[in-house]
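First comes the structure, then the notes that go with it.
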Amino acid sequence: MIQEMFSSTGRLTLSAIILVLFTGCSDNDSSSPAASAAPNPQVLDTSCDTAAFPSPLWTQCELENWPRTIEAEFEQLAPAFVQRSLAQQLSNFAEMTARFIADPSWGLPPALGNTPATPLCSAGMGPCVGDPFRYSGVEGADGRVFYEQEAEVIPVVYYDRECARISGRVWRPRNVNGRLPAVVIKNGSVQAGEQLYWWAAQALVRAGYMVLTNDPRGQGKSDLGTPQGSQGGNINGAVFFEGLVDDIDFLLSSSEQPYPHEANCLGTYPTNTAAFNPMAESLDAERIGIAGHSYGAGGVTWVQSYGAVGSDPWPGLMSKLNPVKVIVAWDALGSSGQPTSATVTNLIPSSFPLLQAVVSPEGAPPVVPRVPALGFTSEYGFTPIPFILDPDRSGFLQGFSEWREASVPVYQIAIAGSTHLDYSLGPELPATSWCAEVIDNRCVGGWARPAITHYTVAWFDRWLKRAGEAGFDNADARLLDDQQWAPRFSRHYSSARYFTTRGGENIDCTDIRLNCEPPQTE
């Protein structure tokens, strides 16, 4: 029965099944909100956007929207997914064990708290396995084919400013000609190892980027703490902006200009650490972007601010000025009053004082819009609970409004049915569909993730690509492809955009689904 559910029916069947449980009836009419995912619709159905609250229509819309939050958990019951996930988890645990045996310094003083269970996700078990089809030893387009034919990926370990070892990878396309733009990805806190973001790394490599991924201090395979006892993760949120500055310094380092923290920390451990970016010869240091999720989204919001009037000077050691040219914030782009704006739950706004106190580390720079920013915000946060009240439609536009008022390009997207975990793909986590089918040992289909990938790559292409490079000519058209993607935007919250196309057209819209003129694209 489960196999039949996942072999060909996809997301709509799951939504319909859950709708039956809630309402006692199934509506498969193509005009219903649940069926609005058809590609390139000619007319955007906004009946749910404008539904009165309370009303039967509003309730129907919510009962069709909310089931998306648990699509991923249902589709991961497919036997092909279960088998691959369990096999990869065992492989990850064996790899972690082998690392401890080969280099006991990972578990002995002065290392603090490094075990197969800590930091969280260190062994890549459970949800921490990520998409199990994206590992190099797996047959398939996102596995062995990608790593052997499309990309070069080099594992690295390097020190942060306090001599904690940071475990990561540098990625680039194979057969590179010329220098590449680059993107540094900063994970979310608590649950997120770097492998949960390999979907983004692979998409960016395929689009022609160098990428740096890693585990922040306190998470995954990086040290839980420093030799002096300083922590990471949520205990010390500074790792999401100070650590990101260190990551950028490492990206910019080369054999001619080595990474400064390597010299400062050399000898702390016997671990073989990198003195510089092993792909430095392929980097265009003038084209750097950063992307982050959750606390990492707060990190990119803070780090882009350095050097702006009203914020702090750039603290990096490898460049005099802030080299970041563009950011993407996956839940969510912050603002001056709310630097970390992730949707924790749809029951309490992210501006709630207690939530802000938890994610407001000392030493963070004032938030000032400086570079183009793309922000995503989830509807349901960590808690897949249906809305019982009609939310403020403009509730996710704080960061957007500050960027727009500063005349800095900005794009804000909320995706219907999305959760906070749609950006960190891991089994057993509540999220919209991201592995609707397993075809040729590869996850295919999905709801939020394809849209997140589309806009993430297009936004970086708009601000980092040069004439003649793939993605330069059609970046604006992809950002304005409302027929394909606006049906996936939230009915509860506005999505908005403010930027100028390469052709000089001013795009200024504060509610893409309700009040924008159709974009004029070639």
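Simple scheme: letters A, B, ... for chains in structure tokens order, numbers from 1 for residues in each chain, numbers from 1 for ligands in the order shown.
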
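Residues of region 100-212 of chain A assigned to alpha helix (DSSP H) by DSSP on this structure's backbone: Phe100, Ile101, Ala102, Arg144, Val145, Trp198, Trp199, Ala200, Ala201, Gln202, Ala203, Leu204, Val205 and Arg206 of chain A.
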
Do a neighbour search on Val303 (chain A) at 12 Å with only C-alpha atoms, toss out local chain neighbours closer than 2 positions, and write the hits as a VMD selection string. chain A and resid 184 186 238 to 248 289 to 292 296 to 301 305 to 308 311 to 316 321 to 329 333 to 334 339 363 to 371

Using only C-alpha atoms, determine which residues lie at most 9 Å from Tyr197 (chain A), disregarding the query and same-chain residues fewer than 6 positions distant; provide the list as a PyMOL selection string. chain A and resi 130-131+185+187+213+423-425

Write a file of the selected residues as an mmCIF file, in the first residue's frame, keeping C-alpha atoms.
data_model
loop_
_atom_site.group_PDB
_atom_site.id
_atom_site.type_symbol
_atom_site.label_atom_id
_atom_site.label_comp_id
_atom_site.auth_asym_id
_atom_site.auth_seq_id
_atom_site.Cartn_x
_atom_site.Cartn_y
_atom_site.Cartn_z
ATOM 1 C CA GLY A 130 20.282 14.498 5.097
ATOM 2 C CA ASP A 131 19.261 13.413 1.607
ATOM 3 C CA ILE A 185 26.732 28.335 3.265
ATOM 4 C CA ASN A 187 23.991 26.084 8.634
ATOM 5 C CA THR A 213 30.114 24.173 3.355
ATOM 6 C CA TYR A 423 15.705 24.322 4.013
ATOM 7 C CA SER A 424 17.579 21.608 5.942
ATOM 8 C CA LEU A 425 16.556 18.386 4.271
#

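CA of Ala373 (chain A) is positioned 11.9 Å from CA of Trp302 (chain A).
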
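For the atom pair formed by CA of Gly208 (chain A) and CA of Val183 (chain A), the distance is 10.6 Å, given to one decimal.
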
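Distances to Trp485 (chain A) were evaluated for A:Asp508, A:Thr340, A:Ala416, A:Asn441 using only C-alpha atoms, and the minimum falls at A:Ala416.
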
Point out the residue among A:Arg174, A:Arg165, A:Arg179, A:Arg491 with the least atom-to-atom distance to Ser222 (chain A), counting only C-alpha atoms. A:Arg165

Exercise: Pro430 (chain A) partners within 12 Å, only C-alpha atoms, chain neighbours under 6 positions left out, as a PyMOL selection string: chain A and resi 66-76+127+378+380-385+417-424

Just want the 9 Å neighbourhood of region 450-463 of chain A, counted on only C-alpha atoms, with same-chain residues fewer than 5 positions away dropped. Output as a VMD selection string. chain A and resid 183 199 to 200 203 to 204 207 287 289 291 325 to 328 330 372 to 374 376 411 413 415 422 to 423 434 445 470 to 479 485 488 501 to 502

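Between Pro361 (chain A) and the residues A:Asn236, A:Ser319, A:Ser335, A:Gln219, the shortest atom-to-atom distance, using only C-alpha atoms, involves A:Asn236.
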
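Between Arg513 (chain A) and the candidates A:Val205, A:Ala111, A:Val43, A:Ser189, the tightest atom-to-atom separation, counting only C-alpha atoms, involves A:Val43.
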
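Restricting the calculation to only C-alpha atoms, the smallest distance between Ile512 (chain A) and any of A:Ser433, A:Ser294, A:Asn264, A:Thr46 is found for A:Thr46.
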
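Comparing A:Leu464, A:Gly233, A:Pro54, A:Gln149 by their smallest distance to Tyr209 (chain A), the closest is A:Leu464 (using only C-alpha atoms).
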
Write out as a PyMOL selection string the residues lying within 8 Å of Cys265 (chain A), counting only C-alpha atoms and excluding same-chain residues fewer than 3 positions away. chain A and resi 159+162-163+261-262+268

May I have the residues from that selection written out with C-alpha atoms, as a PDB file, in the first residue's frame?
ATOM      1  CA  TYR A 159      40.735  26.371  12.718  1.00  0.00           C
ATOM      2  CA  GLU A 162      39.594  30.387  18.944  1.00  0.00           C
ATOM      3  CA  CYS A 163      41.316  27.249  17.639  1.00  0.00           C
ATOM      4  CA  HIS A 261      44.135  31.347  12.065  1.00  0.00           C
ATOM      5  CA  GLU A 262      46.112  28.329  10.866  1.00  0.00           C
ATOM      6  CA  THR A 268      46.871  22.809  19.034  1.00  0.00           C
TER       7      THR A 268
END

Sorted by chain and rising residue number, which residues of region 422-459 of chain A lie within 12 Å of region 82-102 of chain A, and what are their closest atom pairs and distances in Å to one decimal, counting only C-alpha atoms, as JSON lines?
{"residue": "A:Gly426", "atom": "CA", "partner": "A:Ser85", "partner_atom": "CA", "distance": 9.9}
{"residue": "A:Pro427", "atom": "CA", "partner": "A:Ser85", "partner_atom": "CA", "distance": 8.1}
{"residue": "A:Glu428", "atom": "CA", "partner": "A:Val82", "partner_atom": "CA", "distance": 10.7}
{"residue": "A:Cys435", "atom": "CA", "partner": "A:Val82", "partner_atom": "CA", "distance": 11.7}
{"residue": "A:Val438", "atom": "CA", "partner": "A:Arg84", "partner_atom": "CA", "distance": 10.4}
{"residue": "A:Asn441", "atom": "CA", "partner": "A:Arg84", "partner_atom": "CA", "distance": 8.8}
{"residue": "A:Arg442", "atom": "CA", "partner": "A:Arg84", "partner_atom": "CA", "distance": 10.3}
{"residue": "A:Cys443", "atom": "CA", "partner": "A:Arg84", "partner_atom": "CA", "distance": 11.1}

File of the preceding selection, N, CA and C atoms, as a CSV table (one decimal), in the first residue's frame:
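The result, written out as selection.csv:
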chain,number,residue,atom,x,y,z
A,426,GLY,N,16.3,16.7,5.9
A,426,GLY,CA,16.6,15.5,6.7
A,426,GLY,C,15.4,14.6,7.0
A,427,PRO,N,15.5,13.3,6.9
A,427,PRO,CA,14.4,12.4,7.2
A,427,PRO,C,13.8,12.7,8.6
A,428,GLU,N,12.5,12.4,8.7
A,428,GLU,CA,11.8,12.4,9.9
A,428,GLU,C,11.5,13.8,10.4
A,435,CYS,N,11.0,14.6,-1.7
A,435,CYS,CA,11.4,13.3,-2.4
A,435,CYS,C,10.2,12.6,-2.8
A,438,VAL,N,11.5,8.3,-5.9
A,438,VAL,CA,12.9,7.9,-6.1
A,438,VAL,C,13.0,7.3,-7.4
A,441,ASN,N,17.7,6.0,-8.3
A,441,ASN,CA,18.5,6.3,-7.1
A,441,ASN,C,18.7,7.8,-6.8
A,442,ARG,N,17.6,8.6,-7.1
A,442,ARG,CA,17.7,10.0,-6.9
A,442,ARG,C,16.3,10.5,-6.5
A,443,CYS,N,16.3,11.4,-5.5
A,443,CYS,CA,15.0,12.0,-5.1
A,443,CYS,C,14.5,13.0,-6.2

For the strand (DSSP E or B) assignment from backbone DSSP, which residues of region 81-260 of chain A qualify? Please present them as a ChimeraX atom specification. /A:151-159,165-173,180-186,210-214,225,231
